[in-house]
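Q: Input model_10.cif, format and content: mmCIF, C-alpha atoms.
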```
data_query
#
loop_
_atom_site.label_atom_id
_atom_site.label_comp_id
_atom_site.auth_asym_id
_atom_site.auth_seq_id
_atom_site.Cartn_x
_atom_site.Cartn_y
_atom_site.Cartn_z
CA MET O 739 94.66 58.18 230.02
CA THR O 740 93.95 61.78 231.01
CA GLN O 741 93.66 62.64 227.33
CA THR O 742 91.17 59.83 226.72
CA HIS O 743 89.16 60.84 229.75
CA ASP O 744 89.06 64.47 228.59
CA ASP O 745 87.98 63.41 225.10
CA ALA O 746 85.18 61.30 226.51
CA LEU O 747 84.00 64.18 228.67
CA THR O 748 84.10 66.53 225.72
CA ASP O 749 82.03 64.16 223.59
CA TYR O 750 79.55 63.71 226.41
CA GLU O 751 79.24 67.45 226.90
CA ALA O 752 78.78 67.99 223.18
CA ASP O 753 75.97 65.43 223.07
CA PHE O 754 74.37 66.89 226.17
CA ALA O 755 74.57 70.40 224.74
CA SER O 756 72.98 69.57 221.35
CA PRO O 757 69.42 70.81 221.22
CA LEU O 758 68.47 67.96 218.86
CA ALA O 759 67.29 64.56 220.06
CA LEU O 760 67.48 63.04 216.56
CA ASP O 761 70.81 61.26 216.09
CA PRO O 762 73.31 62.98 213.74
CA GLN O 763 73.23 60.06 211.26
CA ALA O 764 69.47 60.47 210.84
CA GLN O 765 69.88 64.26 210.56
CA ASP O 766 72.31 63.68 207.68
CA LEU O 767 70.11 61.06 205.99
CA LEU O 768 67.00 63.24 206.00
CA PHE O 769 68.32 66.80 205.77
CA ARG O 770 72.02 67.55 205.52
CA GLU O 771 73.42 64.94 203.13
CA ALA O 772 70.20 64.18 201.25
CA ARG O 773 69.97 66.08 197.98
CA THR O 774 67.57 66.44 195.09
CA ALA O 775 68.89 63.98 192.49
CA ASN O 776 69.15 64.87 188.84
CA THR O 777 70.41 61.50 187.65
CA PHE O 778 69.49 58.02 188.89
CA SER O 779 70.89 54.48 188.84
CA ASP O 780 68.95 51.69 187.10
CA GLU O 781 67.97 49.96 190.36
CA PRO O 782 64.16 49.65 190.43
CA VAL O 783 61.96 50.99 193.25
CA SER O 784 59.41 48.40 194.38
CA ASP O 785 55.83 48.83 195.56
CA GLU O 786 57.01 47.37 198.90
CA GLN O 787 59.42 50.30 199.30
CA VAL O 788 56.69 52.82 198.50
CA GLN O 789 54.35 51.12 200.96
CA ALA O 790 56.98 51.24 203.74
CA ILE O 791 57.46 54.96 203.04
CA TYR O 792 53.72 55.65 203.07
CA ASP O 793 53.10 53.58 206.20
CA LEU O 794 55.73 55.67 208.03
CA VAL O 795 54.81 59.17 206.87
CA LYS O 796 51.03 58.73 207.04
CA TRP O 797 51.29 59.43 210.81
CA ALA O 798 52.56 63.01 210.41
CA PRO O 799 49.99 65.72 211.20
CA THR O 800 47.57 67.65 208.98
CA SER O 801 44.68 70.04 209.78
CA MET O 802 41.74 68.13 211.21
CA ASN O 803 43.34 64.90 210.01
CA ASN O 804 42.51 65.84 206.39
CA GLN O 805 44.29 63.43 204.04
CA PRO O 806 43.89 64.80 200.49
CA LEU O 807 47.18 63.39 199.12
CA ARG O 808 46.86 60.85 196.31
CA ILE O 809 49.90 59.18 194.76
CA VAL O 810 49.90 57.69 191.27
CA LEU O 811 52.92 55.50 190.45
CA VAL O 812 53.66 55.74 186.75
CA ARG O 813 54.59 52.13 185.99
CA SER O 814 53.70 51.60 182.31
CA PRO O 815 56.00 52.89 179.54
CA GLN O 816 52.97 54.39 177.79
CA ALA O 817 51.90 56.42 180.83
CA ARG O 818 55.51 57.52 181.40
CA ALA O 819 55.81 58.74 177.81
CA ARG O 820 52.57 60.74 178.10
CA LEU O 821 53.68 62.27 181.43
CA VAL O 822 57.05 63.30 179.98
CA GLU O 823 55.15 65.30 177.34
CA SER O 824 53.62 67.41 180.13
CA MET O 825 56.93 68.17 181.83
CA ALA O 826 58.88 71.40 181.30
CA ASP O 827 61.76 70.81 178.88
CA GLY O 828 64.40 70.93 181.64
CA ASN O 829 62.57 68.17 183.54
CA LYS O 830 61.95 65.79 180.59
CA PRO O 831 65.25 63.82 180.49
CA LYS O 832 65.32 62.96 184.20
CA THR O 833 61.60 62.08 184.17
CA GLU O 834 62.30 59.72 181.25
CA ALA O 835 65.22 58.09 183.08
CA ALA O 836 64.19 57.82 186.76
CA PRO O 837 63.53 54.30 188.11
CA LEU O 838 60.16 55.45 189.46
CA VAL O 839 58.04 58.50 188.72
CA ALA O 840 55.11 59.43 190.95
CA ILE O 841 52.33 61.99 190.47
CA LEU O 842 51.36 63.65 193.77
CA ALA O 843 47.92 65.25 193.71
CA ALA O 844 45.30 66.71 196.04
CA ASP O 845 41.82 65.12 196.09
CA ILE O 846 39.43 68.06 196.53
CA ASP O 847 36.72 65.67 197.77
CA PHE O 848 38.81 64.60 200.80
CA HIS O 849 35.97 65.82 203.03
CA ASP O 850 33.93 62.73 202.16
CA GLU O 851 36.40 60.73 204.29
CA LEU O 852 36.16 62.92 207.39
CA PRO O 853 33.32 60.97 209.03
CA GLN O 854 35.82 58.05 209.27
CA GLN O 855 39.03 60.08 209.73
CA PHE O 856 37.79 62.73 212.21
CA PRO O 857 34.87 60.90 213.86
CA HIS O 858 34.62 62.93 217.08
CA PHE O 859 33.44 66.00 215.10
CA PRO O 860 30.40 64.86 213.07
CA GLY O 861 30.06 68.28 211.39
CA ALA O 862 33.52 68.11 209.77
CA ARG O 863 32.32 66.95 206.37
CA ASP O 864 29.60 69.59 206.13
CA LEU O 865 32.07 72.32 207.08
CA PHE O 866 33.81 71.69 203.74
CA ALA O 867 30.79 70.63 201.66
CA GLY O 868 29.48 74.17 201.14
CA SER O 869 32.42 75.80 199.36
CA GLU O 870 34.49 74.01 196.76
CA GLU O 871 36.86 76.99 196.73
CA ALA O 872 37.58 76.74 200.47
CA ARG O 873 37.90 72.97 200.08
CA GLU O 874 40.40 73.25 197.25
CA SER O 875 42.47 75.64 199.36
CA ALA O 876 42.46 73.23 202.34
CA ALA O 877 43.20 70.29 200.02
CA LYS O 878 46.24 72.05 198.56
CA LEU O 879 47.62 73.14 201.95
CA ASN O 880 47.31 69.69 203.48
CA ALA O 881 48.49 67.83 200.39
CA ALA O 882 51.58 70.09 200.40
CA LEU O 883 52.29 69.12 204.03
CA GLN O 884 51.87 65.47 203.04
CA ILE O 885 54.15 65.90 200.00
CA ALA O 886 56.89 67.26 202.29
CA TYR O 887 56.47 64.32 204.68
CA PHE O 888 56.57 61.90 201.74
CA THR O 889 59.76 63.55 200.41
CA LEU O 890 61.48 62.94 203.75
CA GLY O 891 60.04 59.41 203.77
CA VAL O 892 61.70 58.68 200.42
CA ARG O 893 64.98 59.80 201.99
CA ALA O 894 64.23 57.64 205.06
CA ALA O 895 64.17 54.69 202.63
CA GLY O 896 67.70 55.57 201.50
CA LEU O 897 66.45 56.86 198.17
CA ALA O 898 66.77 60.26 196.53
CA ALA O 899 63.65 62.25 195.71
CA GLY O 900 63.47 64.70 192.84
CA PRO O 901 60.24 66.69 193.33
CA MET O 902 59.32 68.94 190.40
CA THR O 903 56.70 71.65 189.91
CA GLY O 904 57.84 72.55 186.39
CA LEU O 905 55.06 70.87 184.41
CA ASP O 906 51.66 71.46 182.84
CA THR O 907 49.53 70.34 185.78
CA ALA O 908 46.24 70.93 183.93
CA SER O 909 47.33 68.51 181.23
CA VAL O 910 48.23 65.83 183.81
CA ASP O 911 44.89 66.42 185.54
CA ARG O 912 43.01 65.77 182.29
CA GLU O 913 45.05 62.65 181.49
CA ILE O 914 45.22 61.01 184.93
CA PHE O 915 42.17 62.39 186.76
CA PRO O 916 39.49 62.79 184.06
CA ALA O 917 36.68 63.18 186.60
CA GLY O 918 38.12 66.57 187.51
CA ARG O 919 38.25 66.01 191.26
CA HIS O 920 42.05 66.15 191.74
CA ARG O 921 44.72 68.81 191.38
CA THR O 922 48.21 67.62 190.37
CA MET O 923 50.78 69.42 192.55
CA VAL O 924 54.17 67.76 192.12
CA VAL O 925 55.79 65.06 189.98
CA MET O 926 58.53 63.24 191.84
CA ASN O 927 61.40 61.17 190.48
CA ILE O 928 62.51 58.48 192.94
CA GLY O 929 65.53 56.19 192.98
CA LYS O 930 69.13 55.63 193.91
CA PRO O 931 71.32 58.51 192.70
CA GLY O 932 73.27 57.87 189.48
CA ASP O 933 76.48 59.37 188.10
CA ASP O 934 77.15 63.01 188.92
CA PRO O 935 73.67 63.38 190.44
CA TRP O 936 73.94 66.71 192.31
CA PHE O 937 74.11 70.34 191.31
CA ASP O 938 76.04 72.61 193.68
CA ARG O 939 74.29 73.09 197.00
CA LEU O 940 72.20 76.25 196.79
CA PRO O 941 72.27 78.80 199.63
CA ARG O 942 69.60 78.95 202.31
CA LEU O 943 68.36 82.00 204.18
CA ASP O 944 70.00 82.51 207.57
CA TYR O 945 68.09 82.05 210.81
CA ASP O 946 68.01 85.82 211.38
CA GLU O 947 66.48 86.40 207.94
CA VAL O 948 63.60 84.02 208.65
CA VAL O 949 62.91 84.07 212.40
CA THR O 950 61.92 87.19 214.36
CA SER O 951 60.22 87.78 217.71
CA VAL O 952 57.35 89.95 218.91
CA MET G 1002 73.20 28.18 221.55
CA THR G 1003 71.15 27.10 218.54
CA GLN G 1004 68.29 29.22 219.81
CA THR G 1005 70.59 32.28 220.16
CA HIS G 1006 71.98 31.70 216.70
CA ASP G 1007 68.49 31.47 215.22
CA ASP G 1008 67.40 34.66 217.01
CA ALA G 1009 70.42 36.54 215.70
CA LEU G 1010 69.73 35.36 212.17
CA THR G 1011 66.11 36.38 212.47
CA ASP G 1012 67.06 39.89 213.65
CA TYR G 1013 69.58 40.20 210.87
CA GLU G 1014 67.08 39.09 208.29
CA ALA G 1015 64.48 41.49 209.65
CA ASP G 1016 66.92 44.41 209.40
CA PHE G 1017 67.99 43.35 205.95
CA ALA G 1018 64.39 43.03 204.84
CA SER G 1019 63.27 46.46 206.08
CA PRO G 1020 62.93 48.88 203.18
CA LEU G 1021 63.77 51.82 205.47
CA ALA G 1022 67.33 53.05 206.07
CA LEU G 1023 66.24 55.38 208.89
CA ASP G 1024 66.73 53.66 212.24
CA PRO G 1025 63.52 52.59 214.06
CA GLN G 1026 64.19 54.96 217.00
CA ALA G 1027 64.28 57.94 214.62
CA GLN G 1028 61.14 56.64 212.85
CA ASP G 1029 59.36 56.63 216.21
CA LEU G 1030 60.68 60.06 217.23
CA LEU G 1031 59.57 61.76 214.02
CA PHE G 1032 56.49 59.82 212.94
CA ARG G 1033 55.13 56.92 214.95
CA GLU G 1034 55.37 58.01 218.58
CA ALA G 1035 55.33 61.79 217.98
CA ARG G 1036 51.89 63.28 218.44
CA THR G 1037 50.19 66.65 218.26
CA ALA G 1038 50.24 67.87 221.88
CA ASN G 1039 47.21 69.53 223.42
CA THR G 1040 48.82 70.26 226.81
CA PHE G 1041 52.40 71.29 227.58
CA SER G 1042 54.82 71.33 230.53
CA ASP G 1043 56.18 74.66 231.85
CA GLU G 1044 59.70 74.04 230.50
CA PRO G 1045 60.65 76.98 228.24
CA VAL G 1046 61.77 76.63 224.61
CA SER G 1047 64.89 78.69 223.92
CA ASP G 1048 65.92 80.62 220.80
CA GLU G 1049 68.91 78.23 220.64
CA GLN G 1050 66.52 75.28 220.25
CA VAL G 1051 64.58 77.05 217.50
CA GLN G 1052 67.81 77.92 215.71
CA ALA G 1053 69.01 74.29 215.85
CA ILE G 1054 65.66 73.21 214.37
CA TYR G 1055 65.80 75.83 211.61
CA ASP G 1056 69.44 75.13 210.77
CA LEU G 1057 68.53 71.45 210.26
CA VAL G 1058 65.32 71.76 208.27
CA LYS G 1059 66.41 74.66 206.05
CA TRP G 1060 68.19 72.08 203.85
CA ALA G 1061 65.00 70.27 202.80
CA PRO G 1062 63.89 70.94 199.21
CA THR G 1063 61.43 73.47 197.75
CA SER G 1064 60.64 74.48 194.15
CA MET G 1065 63.51 76.46 192.65
CA ASN G 1066 64.94 76.93 196.15
CA ASN G 1067 62.08 79.35 196.99
CA GLN G 1068 62.13 80.09 200.72
CA PRO G 1069 58.96 82.02 201.54
CA LEU G 1070 58.58 80.74 205.13
CA ARG G 1071 58.81 83.37 207.87
CA ILE G 1072 58.57 82.45 211.55
CA VAL G 1073 57.53 84.91 214.25
CA LEU G 1074 58.16 83.75 217.83
CA VAL G 1075 55.52 85.24 220.10
CA ARG G 1076 57.62 86.05 223.16
CA SER G 1077 55.89 89.01 224.83
CA PRO G 1078 52.76 88.48 226.99
CA GLN G 1079 51.06 91.35 225.15
CA ALA G 1080 51.62 89.79 221.71
CA ARG G 1081 50.50 86.39 223.03
CA ALA G 1082 47.27 87.87 224.40
CA ARG G 1083 46.48 89.55 221.07
CA LEU G 1084 47.22 86.34 219.14
CA VAL G 1085 44.95 84.29 221.41
CA GLU G 1086 42.09 86.65 220.48
CA SER G 1087 42.52 85.58 216.82
CA MET G 1088 42.44 81.84 217.58
CA ALA G 1089 39.31 79.69 217.21
CA ASP G 1090 37.74 79.07 220.63
CA GLY G 1091 38.92 75.45 220.77
CA ASN G 1092 42.53 76.57 220.21
CA LYS G 1093 42.59 79.47 222.73
CA PRO G 1094 43.44 77.62 225.99
CA LYS G 1095 46.43 75.69 224.57
CA THR G 1096 47.72 78.79 222.77
CA GLU G 1097 47.57 80.65 226.12
CA ALA G 1098 49.43 77.87 227.92
CA ALA G 1099 52.12 76.61 225.50
CA PRO G 1100 55.77 77.38 226.39
CA LEU G 1101 56.32 78.84 222.91
CA VAL G 1102 53.90 79.95 220.20
CA ALA G 1103 55.10 80.62 216.66
CA ILE G 1104 53.33 82.22 213.72
CA LEU G 1105 54.29 80.57 210.41
CA ALA G 1106 53.64 82.74 207.37
CA ALA G 1107 54.46 82.96 203.66
CA ASP G 1108 56.30 86.04 202.37
CA ILE G 1109 54.75 86.74 198.96
CA ASP G 1110 57.83 88.77 197.98
CA PHE G 1111 60.16 85.78 198.31
CA HIS G 1112 61.12 86.27 194.66
CA ASP G 1113 63.30 89.25 195.62
CA GLU G 1114 65.72 86.74 197.21
CA LEU G 1115 66.02 84.49 194.16
CA PRO G 1116 69.05 86.29 192.64
CA GLN G 1117 70.96 85.13 195.76
CA GLN G 1118 69.15 81.82 196.36
CA PHE G 1119 68.91 80.55 192.74
CA PRO G 1120 71.86 82.36 191.13
CA HIS G 1121 72.38 80.07 188.10
CA PHE G 1122 69.00 81.18 186.64
CA PRO G 1123 69.12 84.98 186.44
CA GLY G 1124 65.53 85.19 185.16
CA ALA G 1125 64.06 83.56 188.27
CA ARG G 1126 63.01 86.78 189.99
CA ASP G 1127 61.31 88.17 186.88
CA LEU G 1128 59.41 84.92 186.37
CA PHE G 1129 57.48 85.73 189.56
CA ALA G 1130 57.52 89.53 189.37
CA GLY G 1131 54.73 89.77 186.78
CA SER G 1132 51.87 88.07 188.61
CA GLU G 1133 51.23 88.53 192.31
CA GLU G 1134 48.53 85.86 192.09
CA ALA G 1135 50.95 83.23 190.73
CA ARG G 1136 53.51 84.34 193.31
CA GLU G 1137 51.08 83.98 196.20
CA SER G 1138 50.22 80.49 195.01
CA ALA G 1139 53.93 79.51 194.82
CA ALA G 1140 54.58 81.16 198.20
CA LYS G 1141 51.81 79.16 199.86
CA LEU G 1142 52.86 75.83 198.31
CA ASN G 1143 56.49 76.21 199.29
CA ALA G 1144 55.75 77.68 202.74
CA ALA G 1145 53.52 74.64 203.36
CA LEU G 1146 56.40 72.30 202.45
CA GLN G 1147 58.65 74.28 204.82
CA ILE G 1148 56.01 74.17 207.60
CA ALA G 1149 55.93 70.38 207.33
CA TYR G 1150 59.74 70.19 207.50
CA PHE G 1151 59.72 72.54 210.51
CA THR G 1152 57.08 70.39 212.25
CA LEU G 1153 59.34 67.34 211.92
CA GLY G 1154 62.29 69.50 213.04
CA VAL G 1155 60.46 70.38 216.27
CA ARG G 1156 60.02 66.65 216.84
CA ALA G 1157 63.71 66.09 216.01
CA ALA G 1158 64.45 68.42 218.95
CA GLY G 1159 62.47 66.12 221.25
CA LEU G 1160 59.61 68.61 221.47
CA ALA G 1161 55.94 68.29 220.59
CA ALA G 1162 54.45 70.52 217.90
CA GLY G 1163 50.82 71.59 217.89
CA PRO G 1164 50.19 73.15 214.46
CA MET G 1165 46.78 74.86 214.14
CA THR G 1166 44.88 76.32 211.18
CA GLY G 1167 41.79 77.21 213.22
CA LEU G 1168 42.32 80.96 213.50
CA ASP G 1169 41.47 84.29 211.85
CA THR G 1170 44.53 84.54 209.62
CA ALA G 1171 43.50 87.93 208.18
CA SER G 1172 43.45 89.40 211.69
CA VAL G 1173 46.94 88.02 212.43
CA ASP G 1174 48.17 89.39 209.09
CA ARG G 1175 46.96 92.89 210.01
CA GLU G 1176 48.47 92.73 213.49
CA ILE G 1177 51.84 91.12 212.73
CA PHE G 1178 52.45 91.97 209.07
CA PRO G 1179 50.93 95.44 208.57
CA ALA G 1180 52.73 95.98 205.25
CA GLY G 1181 50.46 93.34 203.73
CA ARG G 1182 53.23 91.25 202.17
CA HIS G 1183 52.76 88.05 204.22
CA ARG G 1184 50.06 85.42 204.55
CA THR G 1185 49.71 83.71 207.94
CA MET G 1186 49.27 79.96 207.38
CA VAL G 1187 49.65 78.12 210.68
CA VAL G 1188 50.09 78.96 214.37
CA MET G 1189 52.16 76.34 216.16
CA ASN G 1190 52.39 75.58 219.88
CA ILE G 1191 55.77 74.12 220.81
CA GLY G 1192 57.03 72.52 224.02
CA LYS G 1193 57.43 69.40 226.10
CA PRO G 1194 54.10 67.57 226.44
CA GLY G 1195 52.23 68.12 229.73
CA ASP G 1196 49.65 66.03 231.60
CA ASP G 1197 47.30 63.97 229.47
CA PRO G 1198 48.58 65.62 226.27
CA TRP G 1199 47.16 63.35 223.57
CA PHE G 1200 43.75 62.71 222.11
CA ASP G 1201 43.17 59.20 220.76
CA ARG G 1202 45.19 58.46 217.64
CA LEU G 1203 43.00 59.21 214.62
CA PRO G 1204 42.82 56.76 211.71
CA ARG G 1205 44.85 57.18 208.55
CA LEU G 1206 43.91 56.12 205.02
CA ASP G 1207 45.36 52.77 203.98
CA TYR G 1208 48.07 52.50 201.35
CA ASP G 1209 45.59 51.09 198.83
CA GLU G 1210 43.26 54.07 199.34
CA VAL G 1211 46.02 56.55 198.53
CA VAL G 1212 48.44 54.90 196.10
CA THR G 1213 47.48 53.58 192.65
CA SER G 1214 49.43 52.79 189.48
CA VAL G 1215 49.04 53.64 185.82
#
```
Please re-express this file's structure in structure tokens.
A:
Amino acid sequence: MTQTHDDALTDYEADFASPLALDPQAQDLLFREARTANTFSDEPVSDEQVQAIYDLVKWAPTSMNNQPLRIVLVRSPQARARLVESMADGNKPKTEAAPLVAILAADIDFHDELPQQFPHFPGARDLFAGSEEARESAAKLNAALQIAYFTLGVRAAGLAAGPMTGLDTASVDREIFPAGRHRTMVVMNIGKPGDDPWFDRLPRLDYDEVVTSV
Amino acid sequence: MTQTHDDALTDYEADFASPLALDPQAQDLLFREARTANTFSDEPVSDEQVQAIYDLVKWAPTSMNNQPLRIVLVRSPQARARLVESMADGNKPKTEAAPLVAILAADIDFHDELPQQFPHFPGARDLFAGSEEARESAAKLNAALQIAYFTLGVRAAGLAAGPMTGLDTASVDREIFPAGRHRTMVVMNIGKPGDDPWFDRLPRLDYDEVVTSV
């Protein structure tokens, strides 16, 4: 009985001492056990799954509530074959085989939505209207934040995400966004992991290499 | 009894039908109930909390395991005062008052770490060594992904994050990174929310406005 009591105390103290409020199972699902998959099972990924992911991650923050991210689900075999042509050679086989492939791009005309999305600051749209260069920079920063949120959302759905930047983005832009108002940033394979899906875990920088104080 | 049985079945069916594996409490903590705080309590944020956040989010993916993110915790009153001078007027009061302020920047010489961080591809460093422009672009993309992961990590620690891009980043670069090898991207206030911390929730684009198929 004393042993049991001590164990319970120890568990309680461990929980109390953890600086994280997120439960360990969720930590594993999103960060520690989740991995970038290189092979996938055949199980399809439905539009309902993608909508549940989007409807969760859309709440995460961006600058001035800018929402430049656009997602194109590559559903037809013809569009998939054309996309594979634009991928770097090392990314072609998994992009051919993944249950779902998505193109994640930044809409550089996101400012047109700010009167609805950031209504308490009526000058928001005009702030970006003057310089397409500044707008493209803001679009890419905020779309990158949204891509990271979406990646964790895919994991929140119990799926593996395989985001890739090894591709000819200009070629995808011409094919998928002929009006020239979007910048392709990442192509992402999505699905349940298949056989032998992981490479070895790569090292990460230590806390002391990344975080300093002034 | 029939009523109880029906309720249980309904709950079970609802769980079974949800496309998300992440438990609803964690969904709320990270996405739905978390908000960008504009006021904070006095409770300090310790280095141990920041380390727990970093040691969780460091596992999230970037391109080729690039890790350009650098985090500077602004701990001294003198450094805080100088940083506040670089903030846009609307961001000054909360940056003065937050329990912890962090500068999140991209190290454009991240490629020097690739021999350790991406060891199976010995040419990785040289791929980036030739063009500082391409490297800065890769540094900013991957640092933005890491900033988004860190933002969710702050929330995973039960804290509110207030990321801000309204500041004179060139002035912060000169002050904090005099060697000229970093690009300040975001300043983030971190702490427990204070009195009346939230603005009204701003609208998000609908699924159909963001996601299309080809």
Q: Can I get the residues of chain G within 7 Å of chain O, each with the closest pair of atoms and their distance in Å to one decimal, using all atoms listed in the file, sorted chain first then ascending number, as a Markdown table?
A:
```
| residue | atom | partner | partner_atom | distance |
| --- | --- | --- | --- | --- |
| G:Pro1020 | CA | O:Gln787 | CA | 5.4 |
| G:Leu1021 | CA | O:Ala895 | CA | 4.1 |
| G:Ala1022 | CA | O:Ala895 | CA | 5.0 |
| G:Leu1023 | CA | O:Ala894 | CA | 4.9 |
| G:Ala1027 | CA | O:Leu760 | CA | 6.3 |
| G:Phe1032 | CA | O:Trp797 | CA | 5.6 |
| G:Arg1033 | CA | O:Trp797 | CA | 6.2 |
| G:Gln1050 | CA | O:Pro757 | CA | 5.4 |
| G:Gln1052 | CA | O:Tyr945 | CA | 6.4 |
| G:Ala1053 | CA | O:Pro757 | CA | 6.4 |
| G:Tyr1055 | CA | O:Tyr945 | CA | 6.7 |
| G:Leu1057 | CA | O:Phe769 | CA | 6.5 |
| G:Val1058 | CA | O:Phe769 | CA | 6.3 |
| G:Lys1059 | CA | O:Arg942 | CA | 6.5 |
| G:Trp1060 | CA | O:Phe769 | CA | 5.6 |
| G:Ala1061 | CA | O:Phe769 | CA | 5.6 |
| G:Ser1064 | CA | O:Thr903 | CA | 6.4 |
| G:Leu1070 | CA | O:Val948 | CA | 7.0 |
| G:Arg1071 | CA | O:Val948 | CA | 4.9 |
| G:Ile1072 | CA | O:Val949 | CA | 4.7 |
| G:Val1073 | CA | O:Thr950 | CA | 4.9 |
| G:Leu1074 | CA | O:Ser951 | CA | 4.5 |
| G:Val1075 | CA | O:Val952 | CA | 5.2 |
| G:Arg1076 | CA | O:Val952 | CA | 5.8 |
| G:Ser1077 | CA | O:Val952 | CA | 6.2 |
| G:Ala1080 | CA | O:Val952 | CA | 6.4 |
| G:Gln1118 | CA | O:Pro941 | CA | 5.4 |
| G:Phe1119 | CA | O:Leu940 | CA | 6.8 |
| G:Leu1142 | CA | O:Ala882 | CA | 6.2 |
| G:Ala1145 | CA | O:Leu883 | CA | 5.7 |
| G:Leu1146 | CA | O:Ala886 | CA | 5.1 |
| G:Ala1149 | CA | O:Leu883 | CA | 5.1 |
| G:Tyr1150 | CA | O:Ala886 | CA | 6.6 |
| G:Ala1157 | CA | O:Leu760 | CA | 4.9 |
| G:Ala1158 | CA | O:Leu758 | CA | 4.0 |
| G:Gly1159 | CA | O:Ala759 | CA | 5.2 |
| G:Met1165 | CA | O:Ser801 | CA | 6.8 |
| G:Thr1166 | CA | O:Ser801 | CA | 6.4 |
| G:Leu1203 | CA | O:Gln855 | CA | 6.4 |
| G:Pro1204 | CA | O:Gln855 | CA | 5.4 |
| G:Arg1205 | CA | O:Lys796 | CA | 6.5 |
| G:Tyr1208 | CA | O:Gln789 | CA | 6.4 |
| G:Val1211 | CA | O:Arg808 | CA | 4.9 |
| G:Val1212 | CA | O:Ile809 | CA | 4.7 |
| G:Thr1213 | CA | O:Val810 | CA | 5.0 |
| G:Ser1214 | CA | O:Leu811 | CA | 4.5 |
| G:Val1215 | CA | O:Val812 | CA | 5.2 |
```
Q: Name the residues that the PyMOL selection byres ((chain O and resi 824) around 6) pulls out of this structure, and write them as a PyMOL selection string.
A: chain O and resi 821-823+825+905-906
Q: Could you tell me, as a PyMOL selection string, exactly which residues end up selected when the PyMOL selection byres ((chain O and resi 775-778) around 8) is applied to this structure?
A: chain O and resi 773-774+779-780+832+835-837+898-900+929-937
Q: What is the CA of Pro1123 in chain G-CA of Phe1111 in chain G distance in Å, reported with one decimal?
A: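 Answer for the CA of Pro1123 in chain G to CA of Phe1111 in chain G separation: 14.9 Å.
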Q: Quick one: distance from CA of Ala1135 in chain G to CA of Asp911 in chain O in Å, one decimal?
A: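 Going from CA of Ala1135 in chain G over to CA of Asp911 in chain O, I get 18.6 Å.
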Q: Taking (55.9, 88.3, 196.0) in the coordinates of the supplied file, I want to know which residues reach to within 9 Å of it, counting all atoms listed in the file; could you give the answer as a ChimeraX atom specification?
A: /G:1069,1108-1113,1129-1130,1132-1137,1140,1182-1183
Q: How would the residues just chosen look if you wrote them out with C-alpha atoms as a compact mmCIF listing (two decimals), keeping the file's coordinate frame?
A:
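The result, stored in part_15.txt:
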```txt
# COMPACT_ATOMS: atom_id res chain seq x y z
CA PRO G 1069 58.96 82.02 201.54
CA ASP G 1108 56.30 86.04 202.37
CA ILE G 1109 54.75 86.74 198.96
CA ASP G 1110 57.83 88.77 197.98
CA PHE G 1111 60.16 85.78 198.31
CA HIS G 1112 61.12 86.27 194.66
CA ASP G 1113 63.30 89.25 195.62
CA PHE G 1129 57.48 85.73 189.56
CA ALA G 1130 57.52 89.53 189.37
CA SER G 1132 51.87 88.07 188.61
CA GLU G 1133 51.23 88.53 192.31
CA GLU G 1134 48.53 85.86 192.09
CA ALA G 1135 50.95 83.23 190.73
CA ARG G 1136 53.51 84.34 193.31
CA GLU G 1137 51.08 83.98 196.20
CA ALA G 1140 54.58 81.16 198.20
CA ARG G 1182 53.23 91.25 202.17
CA HIS G 1183 52.76 88.05 204.22
```
Q: Fewer than 3 positions away in the same chain doesn't count, so skip those; otherwise give me all residues within 7 Å of Leu838 in chain O, counting only C-alpha atoms, as a ChimeraX atom specification.
A: /O:783,927-929
